[in-house]
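**Q** So here's input-v1.cif, just mmCIF, C-alpha atoms:
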data_input
loop_
_atom_site.label_atom_id
_atom_site.label_comp_id
_atom_site.auth_asym_id
_atom_site.auth_seq_id
_atom_site.Cartn_x
_atom_site.Cartn_y
_atom_site.Cartn_z
CA MET A 1483 -4.58 -24.10 -0.55
CA ARG A 1484 -7.16 -22.24 1.55
CA VAL A 1485 -8.26 -18.63 1.42
CA PHE A 1486 -9.88 -16.92 4.41
CA GLY A 1487 -12.09 -14.16 3.08
CA ASP A 1488 -15.41 -12.52 2.30
CA THR A 1489 -16.12 -12.25 -1.43
CA ALA A 1490 -18.20 -9.08 -0.91
CA SER A 1491 -14.98 -7.36 0.24
CA GLY A 1492 -13.07 -6.00 -2.74
CA ASN A 1493 -9.72 -6.99 -1.24
CA CYS A 1494 -10.92 -10.59 -0.95
CA TYR A 1495 -12.68 -10.56 -4.33
CA LYS A 1496 -9.29 -9.76 -5.95
CA VAL A 1497 -7.92 -13.12 -4.79
CA TRP A 1498 -11.10 -15.05 -5.67
CA LEU A 1499 -11.08 -13.48 -9.15
CA LEU A 1500 -7.41 -14.24 -9.85
CA LEU A 1501 -7.89 -17.85 -8.74
CA SER A 1502 -10.77 -18.10 -11.23
CA LEU A 1503 -8.77 -16.48 -14.05
CA LEU A 1504 -5.92 -18.91 -13.34
CA GLY A 1505 -8.32 -21.86 -12.98
CA LYS A 1506 -6.73 -22.77 -9.63
CA ALA A 1507 -8.59 -25.03 -7.22
CA HIS A 1508 -8.83 -23.80 -3.65
CA GLU A 1509 -10.94 -23.97 -0.54
CA TRP A 1510 -12.68 -20.72 0.47
CA VAL A 1511 -13.21 -20.21 4.21
CA ALA A 1512 -15.88 -17.56 4.77
CA VAL A 1513 -14.94 -14.97 7.41
CA ASP A 1514 -17.39 -12.23 8.40
CA ILE A 1515 -15.74 -8.91 9.33
CA LEU A 1516 -19.06 -7.42 10.44
CA LYS A 1517 -19.39 -10.17 13.04
CA GLY A 1518 -15.86 -9.48 14.32
CA GLU A 1519 -14.47 -12.78 13.07
CA THR A 1520 -11.14 -11.22 12.06
CA ARG A 1521 -10.57 -10.10 15.67
CA SER A 1522 -11.03 -13.52 17.31
CA PRO A 1523 -8.02 -15.07 19.09
CA GLU A 1524 -8.06 -17.95 16.54
CA PHE A 1525 -7.89 -15.56 13.59
CA LEU A 1526 -5.27 -13.27 15.19
CA ALA A 1527 -3.05 -16.33 15.67
CA ARG A 1528 -3.17 -16.75 11.87
CA ASN A 1529 -2.72 -13.05 11.05
CA ALA A 1530 -1.63 -10.72 13.85
CA ASN A 1531 -2.85 -7.76 11.77
CA GLY A 1532 -6.42 -9.15 11.89
CA LYS A 1533 -7.28 -8.65 8.23
CA ILE A 1534 -8.65 -10.66 5.34
CA PRO A 1535 -7.94 -11.98 2.76
CA LEU A 1536 -5.45 -14.44 4.18
CA LEU A 1537 -3.85 -17.21 2.13
CA GLU A 1538 -2.93 -20.50 3.79
CA TYR A 1539 -0.33 -21.54 1.22
CA ALA A 1540 0.77 -24.59 3.22
CA PRO A 1541 -0.87 -26.14 6.30
CA GLY A 1542 -0.49 -23.60 9.13
CA ALA A 1543 1.54 -21.14 7.02
CA TYR A 1544 -0.07 -17.85 6.02
CA LEU A 1545 0.43 -14.92 3.68
CA ALA A 1546 -1.48 -11.67 4.27
CA GLU A 1547 -2.17 -8.48 2.25
CA SER A 1548 -4.37 -8.88 -0.81
CA ASN A 1549 -1.81 -7.51 -3.25
CA ALA A 1550 1.03 -9.66 -1.89
CA ILE A 1551 -1.26 -12.70 -2.26
CA LEU A 1552 -2.01 -11.70 -5.87
CA HIS A 1553 1.74 -11.44 -6.51
CA TYR A 1554 2.41 -14.87 -5.02
CA LEU A 1555 -0.39 -16.54 -6.99
CA ALA A 1556 0.38 -14.77 -10.28
CA GLU A 1557 4.13 -15.36 -10.39
CA GLY A 1558 5.04 -17.33 -13.48
CA SER A 1559 1.71 -16.51 -15.17
CA ALA A 1560 0.80 -13.88 -17.77
CA TYR A 1561 -0.75 -11.74 -15.02
CA LEU A 1562 2.67 -10.73 -13.64
CA PRO A 1563 5.28 -9.55 -16.15
CA SER A 1564 8.83 -10.74 -15.48
CA ASP A 1565 10.47 -7.71 -17.10
CA ARG A 1566 12.07 -5.63 -14.33
CA LEU A 1567 10.48 -2.31 -15.27
CA ALA A 1568 7.02 -3.71 -16.07
CA HIS A 1569 7.10 -5.67 -12.80
CA ALA A 1570 7.82 -2.45 -10.87
CA GLN A 1571 5.08 -0.61 -12.79
CA VAL A 1572 2.58 -3.31 -11.78
CA LEU A 1573 3.64 -2.74 -8.17
CA GLN A 1574 3.44 1.05 -8.60
CA TRP A 1575 -0.27 0.74 -9.46
CA MET A 1576 -0.86 -1.77 -6.66
CA PHE A 1577 0.69 0.56 -4.06
CA PHE A 1578 -1.34 3.42 -5.58
CA GLU A 1579 -4.42 1.24 -5.10
CA GLN A 1580 -3.73 0.57 -1.42
CA TYR A 1581 -2.63 4.10 -0.51
CA SER A 1582 -4.48 6.53 -2.78
CA HIS A 1583 -7.58 4.59 -3.90
CA GLU A 1584 -8.78 1.95 -1.40
CA PRO A 1585 -8.92 4.23 1.71
CA TYR A 1586 -11.36 6.49 -0.17
CA ILE A 1587 -13.25 4.41 -2.76
CA ALA A 1588 -13.54 1.26 -0.62
CA THR A 1589 -14.05 3.01 2.70
CA LEU A 1590 -16.98 5.09 1.42
CA ARG A 1591 -18.58 1.91 0.03
CA PHE A 1592 -18.15 0.32 3.45
CA TYR A 1593 -19.66 3.31 5.26
CA LEU A 1594 -22.60 3.72 2.90
CA ARG A 1595 -23.40 0.08 2.20
CA TYR A 1596 -22.54 -1.82 5.35
CA LEU A 1597 -22.82 0.54 8.31
CA LYS A 1598 -26.24 0.85 9.87
CA ASP A 1599 -25.74 4.53 10.61
CA PRO A 1600 -23.77 6.19 7.79
CA LYS A 1601 -25.04 9.60 8.95
CA GLY A 1602 -22.82 9.34 12.04
CA HIS A 1603 -19.85 9.30 9.65
CA ARG A 1604 -20.89 12.31 7.55
CA ALA A 1605 -17.73 14.38 8.18
CA GLU A 1606 -15.52 11.36 7.45
CA ILE A 1607 -17.49 10.60 4.29
CA ASP A 1608 -17.25 14.19 3.04
CA LYS A 1609 -13.50 14.27 3.68
CA ARG A 1610 -12.88 11.13 1.63
CA ARG A 1611 -14.90 12.18 -1.43
CA GLY A 1612 -12.27 14.49 -2.97
CA PRO A 1613 -9.29 12.13 -2.69
CA GLY A 1614 -11.47 9.33 -4.13
CA TYR A 1615 -12.25 11.39 -7.22
CA ALA A 1616 -8.59 12.41 -7.45
CA ALA A 1617 -7.61 8.71 -7.61
CA LEU A 1618 -10.20 8.13 -10.35
CA GLY A 1619 -8.72 11.12 -12.19
CA VAL A 1620 -5.24 9.58 -12.12
CA MET A 1621 -6.66 6.31 -13.49
CA GLU A 1622 -8.69 8.09 -16.20
CA ARG A 1623 -5.65 9.99 -17.39
CA HIS A 1624 -3.62 6.78 -17.68
CA LEU A 1625 -6.36 4.74 -19.35
CA ALA A 1626 -7.03 7.45 -21.95
CA ASP A 1627 -3.95 6.15 -23.80
CA ALA A 1628 -3.68 2.55 -22.60
CA PRO A 1629 -5.94 -0.53 -22.68
CA PHE A 1630 -4.70 -1.79 -19.30
CA PHE A 1631 -2.50 -0.43 -16.51
CA VAL A 1632 0.81 -1.94 -17.62
CA GLY A 1633 1.49 -2.82 -21.24
CA ASP A 1634 -1.20 -4.20 -23.53
CA VAL A 1635 -2.38 -7.10 -21.40
CA VAL A 1636 -4.24 -7.49 -18.16
CA SER A 1637 -2.10 -7.90 -15.04
CA ILE A 1638 -2.63 -8.11 -11.30
CA ALA A 1639 -2.51 -4.28 -11.30
CA ASP A 1640 -5.81 -4.30 -13.21
CA ILE A 1641 -7.27 -6.93 -10.88
CA ALA A 1642 -6.28 -4.87 -7.83
CA LEU A 1643 -7.83 -1.69 -9.23
CA TYR A 1644 -10.91 -3.36 -10.71
CA ALA A 1645 -12.07 -4.77 -7.37
CA TYR A 1646 -13.26 -1.52 -5.79
CA THR A 1647 -13.54 0.67 -8.91
CA HIS A 1648 -16.33 -1.39 -10.43
CA VAL A 1649 -18.41 -0.95 -7.28
CA ALA A 1650 -17.41 2.71 -6.69
CA HIS A 1651 -21.07 3.73 -7.25
CA GLU A 1652 -21.95 1.82 -4.06
CA GLY A 1653 -19.85 4.42 -2.23
CA GLY A 1654 -21.60 7.29 -4.01
CA PHE A 1655 -19.00 7.86 -6.76
CA SER A 1656 -20.25 8.57 -10.27
CA LEU A 1657 -18.18 7.36 -13.23
CA ASP A 1658 -20.08 9.61 -15.66
CA ASP A 1659 -17.03 11.81 -16.22
CA PHE A 1660 -14.63 8.86 -16.55
CA PRO A 1661 -15.24 7.29 -19.99
CA ALA A 1662 -11.82 5.62 -20.18
CA ILE A 1663 -12.41 3.92 -16.82
CA ARG A 1664 -15.84 2.72 -17.97
CA ALA A 1665 -14.35 1.27 -21.18
CA TRP A 1666 -11.60 -0.46 -19.16
CA LEU A 1667 -14.18 -1.93 -16.74
CA ALA A 1668 -16.05 -3.37 -19.76
CA ARG A 1669 -12.84 -4.80 -21.27
CA PHE A 1670 -11.95 -6.35 -17.94
CA ALA A 1671 -15.37 -7.96 -17.39
CA ALA A 1672 -15.10 -9.64 -20.83
CA LEU A 1673 -12.00 -11.65 -19.83
CA PRO A 1674 -12.34 -15.45 -20.03
CA GLY A 1675 -12.72 -16.77 -16.49
CA TYR A 1676 -14.12 -13.47 -15.20
CA LEU A 1677 -16.46 -13.82 -12.24
CA PRO A 1678 -18.68 -11.01 -10.96
CA MET A 1679 -18.42 -10.00 -7.32
CA PRO A 1680 -21.00 -11.82 -5.20
CA HIS A 1681 -23.17 -9.37 -3.29
CA ARG A 1682 -24.45 -9.59 0.22
CA PRO A 1683 -28.20 -9.17 0.41
CA GLU A 1684 -29.13 -5.48 0.85
CA MET B 1043 19.16 8.24 -12.90
CA ARG B 1044 17.43 11.08 -11.04
CA VAL B 1045 15.30 10.98 -7.92
CA PHE B 1046 12.81 13.74 -7.11
CA GLY B 1047 12.38 13.85 -3.36
CA ASP B 1048 12.82 15.34 0.08
CA THR B 1049 15.14 13.33 2.34
CA ALA B 1050 13.27 14.47 5.47
CA SER B 1051 10.23 12.54 4.14
CA GLY B 1052 10.41 8.89 5.19
CA ASN B 1053 9.09 7.69 1.85
CA CYS B 1054 11.89 9.55 0.06
CA TYR B 1055 14.52 8.56 2.62
CA LYS B 1056 13.79 4.89 1.81
CA VAL B 1057 15.02 5.42 -1.75
CA TRP B 1058 18.01 7.53 -0.71
CA LEU B 1059 19.00 4.87 1.85
CA LEU B 1060 18.73 1.94 -0.57
CA LEU B 1061 20.81 3.82 -3.15
CA SER B 1062 23.46 4.31 -0.49
CA LEU B 1063 23.35 0.65 0.63
CA LEU B 1064 23.68 -0.39 -3.04
CA GLY B 1065 26.39 2.23 -3.68
CA LYS B 1066 24.47 3.49 -6.73
CA ALA B 1067 25.25 6.92 -8.17
CA HIS B 1068 22.27 9.18 -8.76
CA GLU B 1069 21.21 12.80 -8.95
CA TRP B 1070 18.87 13.99 -6.19
CA VAL B 1071 16.42 16.72 -7.17
CA ALA B 1072 15.07 18.44 -4.05
CA VAL B 1073 11.30 18.92 -4.07
CA ASP B 1074 9.56 20.73 -1.20
CA ILE B 1075 6.06 19.43 -0.42
CA LEU B 1076 5.46 22.22 2.10
CA LYS B 1077 5.96 24.78 -0.68
CA GLY B 1078 3.47 22.94 -2.92
CA GLU B 1079 6.13 21.85 -5.38
CA THR B 1080 4.49 18.42 -5.93
CA ARG B 1081 1.29 20.16 -7.13
CA SER B 1082 2.91 22.33 -9.83
CA PRO B 1083 1.91 21.67 -13.46
CA GLU B 1084 5.53 20.67 -14.22
CA PHE B 1085 5.56 18.08 -11.45
CA LEU B 1086 2.07 16.74 -12.22
CA ALA B 1087 3.21 16.14 -15.82
CA ARG B 1088 5.86 13.82 -14.35
CA ASN B 1089 3.56 12.14 -11.81
CA ALA B 1090 -0.18 12.69 -12.17
CA ASN B 1091 -0.62 11.53 -8.56
CA GLY B 1092 1.50 14.49 -7.35
CA LYS B 1093 3.67 12.58 -4.91
CA ILE B 1094 7.33 12.09 -4.12
CA PRO B 1095 9.61 10.16 -4.30
CA LEU B 1096 9.65 9.85 -8.06
CA LEU B 1097 12.35 7.97 -9.97
CA GLU B 1098 13.37 9.14 -13.44
CA TYR B 1099 14.82 5.80 -14.55
CA ALA B 1100 15.41 7.02 -18.13
CA PRO B 1101 15.18 10.56 -19.51
CA GLY B 1102 11.53 11.61 -19.31
CA ALA B 1103 10.36 8.20 -18.00
CA TYR B 1104 9.15 7.96 -14.40
CA LEU B 1105 8.32 5.41 -11.74
CA ALA B 1106 6.27 6.46 -8.68
CA GLU B 1107 5.46 4.92 -5.26
CA SER B 1108 8.36 4.56 -2.84
CA ASN B 1109 7.98 0.81 -2.42
CA ALA B 1110 7.73 0.14 -6.18
CA ILE B 1111 10.92 2.20 -6.62
CA LEU B 1112 12.65 0.13 -3.91
CA HIS B 1113 11.59 -3.04 -5.75
CA TYR B 1114 12.91 -1.76 -9.08
CA LEU B 1115 16.25 -0.69 -7.61
CA ALA B 1116 16.72 -3.81 -5.46
CA GLU B 1117 15.92 -6.43 -8.10
CA GLY B 1118 18.92 -8.70 -8.60
CA SER B 1119 20.48 -7.61 -5.29
CA ALA B 1120 20.49 -9.26 -1.85
CA TYR B 1121 17.81 -6.79 -0.71
CA LEU B 1122 15.09 -8.57 -2.72
CA PRO B 1123 14.89 -12.36 -2.42
CA SER B 1124 14.13 -14.19 -5.67
CA ASP B 1125 12.38 -17.12 -3.95
CA ARG B 1126 8.66 -16.89 -4.76
CA LEU B 1127 7.40 -17.10 -1.19
CA ALA B 1128 10.06 -14.84 0.34
CA HIS B 1129 9.44 -12.30 -2.43
CA ALA B 1130 5.72 -12.26 -1.59
CA GLN B 1131 6.51 -11.97 2.13
CA VAL B 1132 8.66 -8.91 1.44
CA LEU B 1133 5.70 -7.39 -0.42
CA GLN B 1134 3.32 -8.38 2.39
CA TRP B 1135 5.32 -6.23 4.81
CA MET B 1136 5.61 -3.39 2.29
CA PHE B 1137 1.83 -3.31 1.74
CA PHE B 1138 1.41 -3.48 5.52
CA GLU B 1139 3.71 -0.48 5.75
CA GLN B 1140 1.74 1.61 3.29
CA TYR B 1141 -1.73 0.64 4.53
CA SER B 1142 -1.47 -0.06 8.26
CA HIS B 1143 1.65 1.86 9.34
CA GLU B 1144 2.43 4.94 7.24
CA PRO B 1145 -1.03 6.59 7.47
CA TYR B 1146 -0.69 6.60 11.28
CA ILE B 1147 3.01 6.72 12.19
CA ALA B 1148 4.07 9.03 9.35
CA THR B 1149 0.96 11.20 9.35
CA LEU B 1150 1.26 11.99 13.07
CA ARG B 1151 4.91 12.93 12.57
CA PHE B 1152 3.84 15.22 9.74
CA TYR B 1153 1.10 16.85 11.84
CA LEU B 1154 3.24 17.32 14.93
CA ARG B 1155 6.53 18.23 13.31
CA TYR B 1156 5.70 20.11 10.14
CA LEU B 1157 2.31 21.73 10.56
CA LYS B 1158 2.29 25.15 12.14
CA ASP B 1159 -0.98 24.47 13.95
CA PRO B 1160 -1.12 20.84 15.10
CA LYS B 1161 -3.85 21.78 17.60
CA GLY B 1162 -6.28 22.26 14.73
CA HIS B 1163 -5.80 18.55 13.96
CA ARG B 1164 -6.32 17.26 17.49
CA ALA B 1165 -9.27 14.96 16.66
CA GLU B 1166 -7.42 13.56 13.65
CA ILE B 1167 -4.27 13.06 15.75
CA ASP B 1168 -6.17 11.26 18.52
CA LYS B 1169 -7.89 8.99 16.01
CA ARG B 1170 -4.60 7.85 14.47
CA ARG B 1171 -2.81 7.06 17.74
CA GLY B 1172 -4.41 3.64 18.34
CA PRO B 1173 -3.91 2.21 14.84
CA GLY B 1174 -0.29 3.43 14.95
CA TYR B 1175 0.39 1.51 18.16
CA ALA B 1176 -1.45 -1.50 16.70
CA ALA B 1177 0.97 -1.49 13.74
CA LEU B 1178 3.93 -1.30 16.12
CA GLY B 1179 2.41 -4.24 18.01
CA VAL B 1180 2.29 -6.36 14.85
CA MET B 1181 5.93 -5.52 14.15
CA GLU B 1182 7.01 -6.25 17.75
CA ARG B 1183 5.33 -9.65 17.69
CA HIS B 1184 7.12 -10.59 14.46
CA LEU B 1185 10.54 -9.27 15.52
CA ALA B 1186 10.39 -11.10 18.86
CA ASP B 1187 11.41 -14.26 16.92
CA ALA B 1188 13.17 -12.86 13.86
CA PRO B 1189 16.20 -10.62 13.24
CA PHE B 1190 14.62 -8.99 10.16
CA PHE B 1191 11.20 -9.04 8.51
CA VAL B 1192 11.84 -11.80 5.97
CA GLY B 1193 14.44 -14.50 6.56
CA ASP B 1194 17.74 -13.79 8.27
CA VAL B 1195 18.91 -10.88 6.15
CA VAL B 1196 17.86 -7.30 5.62
CA SER B 1197 15.53 -6.70 2.68
CA ILE B 1198 13.59 -3.79 1.22
CA ALA B 1199 10.79 -4.73 3.66
CA ASP B 1200 13.10 -3.62 6.51
CA ILE B 1201 14.07 -0.45 4.63
CA ALA B 1202 10.38 0.41 4.03
CA LEU B 1203 9.49 -0.11 7.71
CA TYR B 1204 12.64 1.49 9.13
CA ALA B 1205 12.00 4.83 7.44
CA TYR B 1206 9.11 6.02 9.61
CA THR B 1207 9.53 3.67 12.60
CA HIS B 1208 12.89 5.13 13.60
CA VAL B 1209 11.36 8.61 13.77
CA ALA B 1210 8.05 7.47 15.32
CA HIS B 1211 8.88 9.51 18.45
CA GLU B 1212 8.62 12.67 16.34
CA GLY B 1213 4.93 11.79 15.97
CA GLY B 1214 4.56 11.23 19.70
CA PHE B 1215 4.92 7.44 19.72
CA SER B 1216 6.98 5.86 22.48
CA LEU B 1217 8.95 2.69 21.73
CA ASP B 1218 9.47 1.95 25.45
CA ASP B 1219 7.19 -1.11 25.28
CA PHE B 1220 8.70 -2.39 22.03
CA PRO B 1221 12.12 -3.88 22.87
CA ALA B 1222 12.26 -6.10 19.78
CA ILE B 1223 11.63 -3.07 17.53
CA ARG B 1224 14.37 -1.11 19.34
CA ALA B 1225 16.85 -3.98 18.88
CA TRP B 1226 15.92 -4.24 15.17
CA LEU B 1227 16.40 -0.47 14.70
CA ALA B 1228 19.90 -0.79 16.20
CA ARG B 1229 20.76 -3.80 13.97
CA PHE B 1230 19.55 -1.88 10.95
CA ALA B 1231 21.52 1.28 11.72
CA ALA B 1232 24.73 -0.80 11.96
CA LEU B 1233 24.52 -1.93 8.31
CA PRO B 1234 27.47 -0.96 6.08
CA GLY B 1235 26.39 1.94 3.88
CA TYR B 1236 23.72 3.07 6.37
CA LEU B 1237 22.95 6.77 6.25
CA PRO B 1238 20.91 8.59 8.90
CA MET B 1239 17.89 10.59 7.81
CA PRO B 1240 18.78 14.22 7.25
CA HIS B 1241 16.61 16.50 9.34
CA ARG B 1242 15.06 19.79 8.44
CA PRO B 1243 15.93 22.50 10.92
CA GLU B 1244 13.37 22.65 13.75
#
If you took the structure in this file and wrote it as structure tokens, what would it be?

**A**
Amino acid sequence: MRVFGDTASGNCYKVWLLLSLLGKAHEWVAVDILKGETRSPEFLARNANGKIPLLEYAPGAYLAESNAILHYLAEGSAYLPSDRLAHAQVLQWMFFEQYSHEPYIATLRFYLRYLKDPKGHRAEIDKRRGPGYAALGVMERHLADAPFFVGDVVSIADIALYAYTHVAHEGGFSLDDFPAIRAWLARFAALPGYLPMPHRPE
Amino acid sequence: MRVFGDTASGNCYKVWLLLSLLGKAHEWVAVDILKGETRSPEFLARNANGKIPLLEYAPGAYLAESNAILHYLAEGSAYLPSDRLAHAQVLQWMFFEQYSHEPYIATLRFYLRYLKDPKGHRAEIDKRRGPGYAALGVMERHLADAPFFVGDVVSIADIALYAYTHVAHEGGFSLDDFPAIRAWLARFAALPGYLPMPHRPE
């Protein structure tokens, strides 16, 4: 099994982290978005949508979308409940992550940490601040009464949301007003097999 | 079972359509986004994220996110394969829909069809045109060799992608250069139990 990715990308880190929690051997193929490596003809032949992470689950056969990869890898493990409702609730939080969280929390981190000229994106940055805090508010409200996102155990919903939430400060978000999120981040980082996100040099 | 939604919204139509294909009885509770009804205290108590569709699967118990609702309703039916890989492929296309398709194809339809002053959003509209066509390109490439998105039968991945693709022209997208998408739309609309999307008056 090979994974094409960049561990400093939250979407890729999700997959790397789950593989560590599951203790699954794999080969990691480093792909650099900033150098345009996801837009090369070779990469587009693997994933027409030109995005990482990408799982090569069998030679020449690929699965895209970080949260679909998590689902594939977690099936049959404790990280994906088999109960019909709990399964759908895990997916509810994963779709929330991709639609209401990632485009704000992750995109601001990308603008502020990786772009050479974040000032050129000031209007875009300002526009994404409110929805990012709104997503954190939805998480805070849920975690006020629950240790994890679905049921009492960690699932791929937590992995999906942890990836960019724990580095939200790199996009200029403060978690000062989100004590339940901070407690959840600490619970998550104490899991056996947990690996911190590797950072690119500043 | 009750569904809170607006059938002229593609995300809500997905749920309405699957319920029809499955022949499942339900109560539809009309919610009008344009009147702010998803931001009322009553609605936010049901879904803190303030979005429709919302499934009340048991009295007072709710499931959000259109694609998670499709998954919940389809489990055990022919619309959701139980094979591990096919299941993940269905989710791959559903995450693609929410991340790479809906924010462009659906948002432009919303701007151009429902906003009173689309001109005020001209820059935003122009910015979303390219990624919308890119998403259609990814779909076209896949459908050139396949009757549906996963395997040889229709699944909730097709339902998720059909919802906004078949009304893409309302957002100013032309399908003239996408013959495989047009053929897939026609195959989909011929399914037994198919219901067209109800339209708000112009």

**Q** On this structure, the PyMOL selection byres ((chain A) within 8 of (chain B)) would catch which residues? List them as a VMD selection string, sorted by chain and number.

**A** chain A and resid 1530 to 1531 1545 to 1547 1549 to 1551 1553 to 1554 1557 1566 to 1567 1569 to 1571 1573 to 1574 1577 to 1578 1580 to 1581 1617 1620

**Q** Measure the distance from atom CA of B:Ala1231 to atom CA of B:Ser1051 in Å and round it to one decimal.

**A**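 Here the two named atoms are 17.7 Å from each other.
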
**Q** When the PyMOL selection byres ((chain B and resi 1167) around 10) is applied to the file above, which residues end up in the set, as a list of chain:residue names?

**A** B:Tyr1146, B:Thr1149, B:Leu1150, B:Arg1151, B:Tyr1153, B:Leu1154, B:Pro1160, B:Lys1161, B:Gly1162, B:His1163, B:Arg1164, B:Ala1165, B:Glu1166, B:Asp1168, B:Lys1169, B:Arg1170, B:Arg1171, B:Gly1172, B:Gly1213, B:Gly1214

**Q** Could you tell me how far atom CA of A:Tyr1561 lies from atom CA of A:Val1636, in Å and to one decimal?

**A**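 Computing it gives 6.3 Å between the two atoms.
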
**Q** Residues at most 9 Å from A:Cys1494, counting all atoms listed in the file, excluding those fewer than 5 positions away in the same chain, as a ChimeraX atom specification?

**A** /A:1485-1489,1499,1534-1536,1548,1645

**Q** Work out how far apart atom CA of B:Ile1198 and atom CA of B:Gly1065 are and give it in Å to one decimal.

**A** 15.0 Å

**Q** What's around B:Glu1069 at 7 Å? Count all atoms listed in the file, leave out sequence neighbours fewer than 2 positions away in its own chain, and write the answer as a JSON list (two decimals) with C-alpha atoms, in the frame of the given file.

**A**
[["chain", "number", "residue", "atom", "x", "y", "z"],
["B", 1043, "MET", "CA", 19.16, 8.24, -12.90],
["B", 1044, "ARG", "CA", 17.43, 11.08, -11.04],
["B", 1045, "VAL", "CA", 15.30, 10.98, -7.92],
["B", 1071, "VAL", "CA", 16.42, 16.72, -7.17]]

**Q** List the spatial neighbours of A:His1681 as a list in words - criterion: any atom at most 12 Å away, all atoms listed in the file, same-chain residues fewer than 5 positions off excluded.

**A**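 The neighbour list is Asp1488, Thr1489, Ala1490, Ser1491, Gly1492, Tyr1495, Arg1595, Tyr1596, Val1649 and Glu1652 of chain A.
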